[in-house]
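Below is the file final.txt, which contains compact mmCIF, C-alpha atoms.
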```
# COMPACT_ATOMS: atom_id res chain seq x y z
CA MET A 287 51.62 2.28 -65.80
CA LYS A 288 48.06 3.55 -66.09
CA VAL A 289 47.31 6.44 -63.72
CA HIS A 290 43.75 7.31 -62.72
CA LEU A 291 42.99 10.65 -61.06
CA PHE A 292 39.72 10.17 -59.24
CA GLY A 293 37.46 12.37 -57.16
CA LEU A 294 37.70 15.93 -58.42
CA PRO A 295 34.34 17.68 -58.21
CA LYS A 296 32.91 17.91 -61.70
CA SER A 297 33.32 21.69 -62.01
CA ALA A 298 37.01 21.49 -60.99
CA HIS A 299 37.56 18.55 -63.33
CA ILE A 300 36.23 20.52 -66.31
CA ARG A 301 38.28 23.61 -65.41
CA LEU A 302 41.52 21.68 -64.96
CA ARG A 303 40.93 19.64 -68.10
CA ASN A 304 40.65 22.88 -70.05
CA GLU A 305 43.72 24.40 -68.35
CA SER A 306 45.76 21.31 -69.20
CA ARG A 307 44.56 21.12 -72.81
CA GLU A 308 42.83 17.74 -72.30
CA TRP A 309 45.36 16.52 -69.68
CA SER A 310 48.28 16.99 -72.06
CA ASP A 311 51.56 15.91 -70.48
CA ALA A 312 49.86 14.93 -67.19
CA VAL A 313 52.28 12.03 -66.68
CA PRO A 314 55.59 11.16 -68.36
CA GLU A 315 55.65 8.83 -71.34
CA PRO A 316 55.02 5.95 -71.78
CA HIS A 317 52.46 6.06 -68.96
CA ASP A 318 48.72 6.54 -69.62
CA PHE A 319 46.40 8.90 -67.77
CA ARG A 320 42.71 9.46 -67.24
CA SER A 321 40.64 11.54 -64.84
CA THR A 322 37.19 10.69 -63.54
CA PRO A 323 35.24 13.33 -61.62
CA ILE A 324 32.58 12.74 -59.03
CA LEU A 325 29.22 14.13 -60.00
CA SER A 326 28.80 16.17 -56.85
CA ASN A 327 30.45 19.58 -56.59
CA GLU A 328 30.91 18.87 -52.88
CA LEU A 329 34.49 17.70 -52.33
CA GLY A 330 34.95 14.10 -51.28
CA GLN A 331 31.44 12.59 -51.38
CA VAL A 332 31.60 9.35 -53.38
CA SER A 333 28.64 7.23 -54.47
CA LYS A 334 28.55 3.46 -54.94
CA SER A 335 28.09 3.86 -58.70
CA GLU A 336 31.23 6.00 -58.85
CA ILE A 337 33.20 3.36 -56.92
CA ASP A 338 31.86 0.76 -59.37
CA GLU A 339 33.18 2.87 -62.25
CA LEU A 340 36.55 3.09 -60.54
CA ALA A 341 36.60 -0.71 -60.16
CA LYS A 342 35.72 -1.08 -63.85
CA ALA A 343 38.69 1.12 -64.76
CA VAL A 344 40.95 -1.09 -62.63
CA GLY A 345 39.80 -3.99 -64.81
CA GLU A 346 41.07 -1.98 -67.79
CA GLY A 347 44.48 -1.64 -66.16
CA PHE A 348 44.09 1.79 -64.53
CA ASN A 349 45.27 0.55 -61.17
CA HIS A 350 47.50 3.41 -60.03
CA ILE A 351 44.85 5.57 -58.41
CA VAL A 352 45.29 9.13 -57.19
CA LEU A 353 42.45 10.20 -54.91
CA ALA A 354 42.10 13.96 -55.21
CA GLY A 355 40.92 15.28 -51.85
CA VAL A 356 38.51 12.38 -51.34
CA ARG A 357 37.47 12.49 -47.69
CA GLU A 358 35.84 9.08 -48.01
CA TRP A 359 39.08 7.44 -49.15
CA LYS A 360 38.63 4.54 -46.72
CA LYS A 361 35.31 3.74 -48.37
CA VAL A 362 37.02 3.62 -51.78
CA TYR A 363 40.05 1.71 -50.50
CA SER A 364 37.93 -0.99 -48.84
CA HIS A 365 36.48 -1.97 -52.23
CA LEU A 366 39.83 -2.26 -54.03
CA ARG A 367 42.39 -3.05 -51.32
CA LEU A 368 45.29 -5.33 -52.34
CA THR A 369 44.32 -4.77 -55.99
CA ALA A 370 45.46 -1.28 -56.94
CA GLU A 371 48.08 1.23 -55.76
CA PHE A 372 46.48 4.19 -53.98
CA THR A 373 47.80 7.65 -53.30
CA SER A 374 45.63 10.15 -51.48
CA ARG A 375 46.33 13.80 -52.24
CA GLY A 376 44.79 16.29 -49.85
CA CYS A 377 44.10 19.83 -50.96
CA ALA A 378 46.11 22.42 -49.03
CA LYS A 379 44.06 25.18 -50.63
CA PRO A 380 40.41 25.42 -51.71
CA ILE A 381 39.78 23.24 -54.74
CA ARG A 382 38.69 26.31 -56.70
CA ASP A 383 42.25 27.66 -56.32
CA LEU A 384 44.00 24.44 -57.42
CA GLY A 385 45.83 25.16 -60.67
CA TRP A 386 47.08 22.80 -63.32
CA PRO A 387 50.84 23.39 -62.69
CA LEU A 388 50.52 22.26 -59.06
CA LEU A 389 48.31 19.28 -59.90
CA ARG A 390 50.68 18.20 -62.69
CA GLN A 391 53.62 18.43 -60.27
CA GLN A 392 51.79 16.21 -57.77
CA LEU A 393 50.83 13.68 -60.44
CA ARG A 394 54.44 13.36 -61.57
CA ALA A 395 55.58 12.89 -57.96
CA VAL A 396 53.08 10.04 -57.65
CA VAL A 397 54.37 8.42 -60.83
CA SER A 398 57.96 8.66 -59.61
CA MET A 399 57.08 6.97 -56.30
CA ASP A 400 54.97 4.30 -57.99
CA GLU A 401 57.79 3.44 -60.40
CA LEU A 402 59.97 2.72 -57.36
CA TRP A 403 57.13 0.77 -55.69
CA LEU A 404 56.75 -1.40 -58.79
CA ARG A 405 60.45 -2.25 -58.76
CA LYS A 406 60.64 -3.01 -55.05
CA LEU A 407 57.29 -4.50 -53.96
CA SER A 408 54.86 -5.31 -56.75
CA PRO A 409 54.76 -8.97 -57.86
CA THR A 410 56.73 -9.74 -61.00
CA ASP A 411 55.75 -13.40 -61.47
CA LEU A 412 53.27 -16.00 -60.24
CA ARG A 413 55.61 -17.24 -57.51
CA HIS A 414 55.37 -14.00 -55.56
CA ALA A 415 54.16 -14.18 -51.94
CA LEU A 416 51.68 -11.30 -52.35
CA LEU A 417 49.54 -13.45 -54.66
CA LEU A 418 48.82 -15.93 -51.83
CA PRO A 419 45.22 -15.78 -50.56
CA PRO A 420 44.62 -13.86 -47.32
CA MET A 421 42.25 -15.59 -44.87
CA VAL A 422 43.14 -18.99 -46.35
CA PHE A 423 46.94 -19.14 -46.29
CA ALA A 424 47.87 -19.49 -42.59
CA THR A 425 50.81 -17.33 -41.53
CA ASN A 426 52.89 -17.56 -38.37
CA HIS A 427 53.30 -14.96 -35.64
CA ASP A 428 56.06 -13.11 -37.48
CA THR A 429 54.38 -13.11 -40.89
CA ALA A 430 50.80 -12.37 -39.74
CA ASP A 431 48.88 -9.99 -42.02
CA PHE A 432 51.89 -9.57 -44.30
CA TRP A 433 49.64 -8.49 -47.19
CA GLN A 434 48.46 -5.44 -45.23
CA ARG A 435 51.99 -4.78 -43.92
CA CYS A 436 53.26 -4.68 -47.51
CA ASP A 437 50.35 -2.52 -48.69
CA VAL A 438 52.33 0.69 -48.15
CA TYR A 439 52.32 3.94 -50.06
CA ALA A 440 55.16 5.91 -48.51
CA GLN A 441 58.73 5.53 -49.70
CA GLU A 442 60.11 5.39 -46.15
CA LEU A 443 58.09 2.19 -45.56
CA PHE A 444 59.34 0.31 -48.63
CA GLY A 445 62.48 -1.01 -46.90
CA SER A 446 60.64 -2.73 -44.04
CA ALA A 447 58.14 -4.25 -46.49
CA GLU A 448 61.01 -5.61 -48.59
CA GLN A 449 62.56 -7.19 -45.49
CA LEU A 450 59.24 -8.78 -44.57
CA LEU A 451 58.89 -10.30 -48.04
CA GLY A 452 62.37 -11.76 -47.71
CA TYR A 453 61.43 -13.30 -44.35
CA ILE A 454 58.25 -14.79 -45.86
CA GLU A 455 60.26 -16.31 -48.70
CA LYS A 456 62.66 -17.87 -46.19
CA HIS A 457 60.06 -19.30 -43.81
CA HIS A 458 57.12 -20.18 -46.07
CA ARG A 459 58.67 -21.17 -49.41
CA ARG A 460 59.91 -24.65 -48.60
CA PRO A 461 61.37 -27.62 -50.53
CA ASP A 462 58.80 -30.17 -51.67
CA GLU A 463 58.83 -33.82 -52.74
CA ARG A 464 58.97 -32.83 -56.41
CA GLY A 465 62.45 -31.39 -56.01
CA GLY A 466 61.32 -27.79 -56.19
CA ARG A 467 60.08 -25.21 -53.73
CA SER A 468 56.49 -24.17 -53.08
CA TRP A 469 54.52 -22.37 -50.42
CA LEU A 470 53.85 -24.09 -47.07
CA ASP A 471 51.60 -22.45 -44.51
CA SER A 472 51.57 -22.85 -40.74
CA ARG A 473 48.86 -25.55 -40.95
CA ASN A 474 51.20 -27.68 -43.09
CA ARG A 475 49.17 -27.07 -46.23
CA ARG A 476 51.14 -26.98 -49.47
CA TYR A 477 50.28 -24.35 -52.12
CA ARG A 478 51.44 -24.97 -55.69
CA PHE A 479 50.24 -22.85 -58.55
CA ASP A 480 48.50 -24.80 -61.29
CA ALA A 481 49.92 -24.04 -64.74
CA THR A 482 46.83 -25.49 -66.47
CA ARG A 483 44.66 -22.57 -65.21
CA HIS A 484 41.42 -24.49 -65.47
CA GLY A 485 38.22 -23.38 -63.76
CA ARG A 486 37.94 -19.85 -65.10
CA SER A 487 35.54 -17.50 -63.35
CA PRO A 488 32.65 -15.73 -65.11
CA ALA A 489 34.74 -12.53 -65.04
CA ASP A 490 37.64 -14.38 -66.69
CA ARG A 491 35.35 -15.65 -69.43
CA ALA A 492 34.01 -12.12 -69.97
CA GLY A 493 37.56 -10.86 -70.50
CA VAL A 494 37.68 -8.76 -67.34
CA LYS A 495 41.25 -8.41 -66.10
CA SER A 496 42.12 -9.05 -62.45
CA TYR A 497 45.00 -7.61 -60.46
CA ARG A 498 46.80 -8.15 -57.17
CA PHE A 499 49.10 -5.32 -56.09
CA CYS A 500 48.92 -4.02 -59.71
CA PHE A 501 50.14 -7.37 -61.11
CA GLU A 502 47.83 -8.85 -63.72
CA ILE A 503 46.56 -12.30 -62.71
CA PRO A 504 46.20 -14.67 -65.69
CA PRO A 505 42.66 -16.02 -66.27
CA GLY A 506 42.09 -19.24 -64.36
CA PHE A 507 45.14 -18.87 -62.13
CA HIS A 508 44.84 -20.73 -58.81
CA TYR A 509 46.74 -22.82 -56.31
CA ASP A 510 46.42 -26.58 -55.85
CA VAL A 511 46.33 -27.05 -52.09
CA CYS A 512 46.89 -30.25 -50.13
CA ASP A 513 48.15 -31.33 -46.72
CA ASP A 514 51.91 -31.83 -46.95
CA SER A 515 51.64 -35.17 -45.12
CA GLY A 516 48.83 -36.45 -47.35
CA ARG A 517 46.13 -36.22 -44.68
CA THR A 518 42.62 -34.92 -45.23
CA PHE A 519 41.78 -31.45 -43.94
CA THR A 520 38.69 -29.34 -43.40
CA ILE A 521 38.12 -26.09 -45.28
CA ALA A 522 35.15 -23.83 -45.97
CA ILE A 523 33.78 -24.11 -49.51
CA ASP A 524 30.86 -21.80 -50.38
CA GLY A 525 30.25 -21.24 -46.68
CA CYS A 526 30.15 -24.92 -45.72
CA SER A 527 32.94 -26.91 -44.07
CA GLN A 528 34.12 -29.82 -46.19
CA THR A 529 36.76 -32.46 -45.60
CA VAL A 530 39.02 -32.83 -48.63
CA THR A 531 42.35 -34.29 -49.71
CA HIS A 532 43.03 -31.31 -51.97
CA CYS A 533 41.29 -28.23 -53.34
CA ASN A 534 41.80 -25.22 -55.62
CA VAL A 535 42.19 -21.73 -54.15
CA THR A 536 42.35 -18.44 -56.06
CA PRO A 537 44.45 -15.45 -54.90
CA TRP A 538 41.21 -13.92 -53.53
CA GLY A 539 40.48 -16.95 -51.35
CA LYS A 540 37.76 -18.51 -53.48
CA VAL A 541 37.89 -22.23 -52.70
CA ARG A 542 36.72 -24.94 -55.09
CA PRO A 543 36.81 -28.74 -54.69
CA GLY A 544 39.91 -30.23 -56.32
```

Step by step, read the file and then write its structure as structure tokens.
Amino acid sequence: MKVHLFGLPKSAHIRLRNESREWSDAVPEPHDFRSTPILSNELGQVSKSEIDELAKAVGEGFNHIVLAGVREWKKVYSHLRLTAEFTSRGCAKPIRDLGWPLLRQQLRAVVSMDELWLRKLSPTDLRHALLLPPMVFATNHDTADFWQRCDVYAQELFGSAEQLLGYIEKHHRRPDERGGRSWLDSRNRRYRFDATRHGRSPADRAGVKSYRFCFEIPPGFHYDVCDDSGRTFTIAIDGCSQTVTHCNVTPWGKVRPG
């Protein structure tokens, strides 16, 4: 696990870095840690360039993010939702009074919860439901918005998210004509992941890593999508509706002709 503390005002970041002897023992081994301050000394104001730096760190695997008193957490979350694991830590006391022992205690509590989250909810292989593309994969009434409903960061919500994933597996992962099981959405479109992983994106070619719910997506990974009855269907490709017999869809909903 790579933990990223983000959002301390620069002056507090420098003070706490010195108190901790360069963040020594911030998180238990074998986890990694880094801290990135915001340039402003005003708590919680985040610029676009700082969010871009946070996204770059996610591409390096630092996708367990602790937001330290960031009032604009929704602004940050909207850029990286369904990609990283977020924990927002408010400051019960003025940031100038926040000491390293308390911050270290909070960081270790986050790690403990995230370890449990990884075991219970994070994808572990390419067959996991949370890799399916929102806005493209059509759910039913009971499974609507399951990605958001599983995007939980409180231990008391893990059980209901686990139950929902089990329901999705039961109702959307259906037998196919190849003798296996693959995803079937409510529009009767079949989603099979393509092991050849062709059609890599510019980011893939540049070596930038991509994640969904902290699970690393292999370069070129996508689904081959077709109507389960062999009919043509209409889907938006680059903003234009096209009628196809099959197409390729990435976990982020990028559609390419098949």

Sorted by chain and rising residue number, list the residues of range 456-529 of chain A at most 7 Å from range 422-427 of chain A (counting all atoms listed in the file), each with its closest atom pair and distance in Å to one decimal, as a Markdown table.
```
| residue | atom | partner | partner_atom | distance |
| --- | --- | --- | --- | --- |
| A:Asp471 | CA | A:Ala424 | CA | 5.1 |
| A:Ser472 | CA | A:Ala424 | CA | 5.3 |
| A:Arg473 | CA | A:Ala424 | CA | 6.4 |
```

| said: Counting only C-alpha atoms, which residue out of A:Ile300, A:Leu294, A:Leu417, A:Met399 sits closest to Cys500 in chain A? | reply: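 The answer is A:Leu417, which sits nearest to Cys500 in chain A.
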
| field | Distance query Ser408 in chain A at most 9 Å, all atoms listed in the file, self and fewer than 3 positions along chain excluded, as a count of residues only | value | 9

| said: For Arg478 in chain A, find every residue with an atom within 7 Å (counting all atoms listed in the file), except residues of its own chain fewer than 4 positions away, and show them as a ChimeraX atom specification. | reply: /A:468-469,509-511

Generate a file of the selected residues that holds C-alpha atoms, formatted as a PDB file, in the coordinates of the input.
```pdb
ATOM      1  CA  SER A 468      56.490 -24.170 -53.080  1.00  0.00           C
ATOM      2  CA  TRP A 469      54.520 -22.370 -50.420  1.00  0.00           C
ATOM      3  CA  TYR A 509      46.740 -22.820 -56.310  1.00  0.00           C
ATOM      4  CA  ASP A 510      46.420 -26.580 -55.850  1.00  0.00           C
ATOM      5  CA  VAL A 511      46.330 -27.050 -52.090  1.00  0.00           C
TER       6      VAL A 511
END
```

Closest atom pairs, residues of range 450-510 of chain A within 12 Å of range 516-520 of chain A, all atoms listed in the file, as CSV:
```
residue,atom,partner,partner_atom,distance
A:Glu463,CA,A:Gly516,CA,11.7
A:Arg473,CA,A:Phe519,CA,9.7
A:Asn474,CA,A:Gly516,CA,10.0
A:Arg475,CA,A:Phe519,CA,8.9
A:Arg476,CA,A:Gly516,CA,10.0
```

| remark: Residue with the minimum atom-to-atom distance to Phe444 in chain A, picked from A:Ile503, A:Leu402, A:Leu412, A:Leu418 with all atoms listed in the file counted, is A:Leu402

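Relative to CA of Val313 in chain A, CA of Val356 in chain A is found at 20.6 Å.
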
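Shortest separation to Gly293 in chain A among A:Ala354, A:Ala415, A:Val535, A:Leu384 occurs at residue A:Ala354, atoms counted being all atoms listed in the file.
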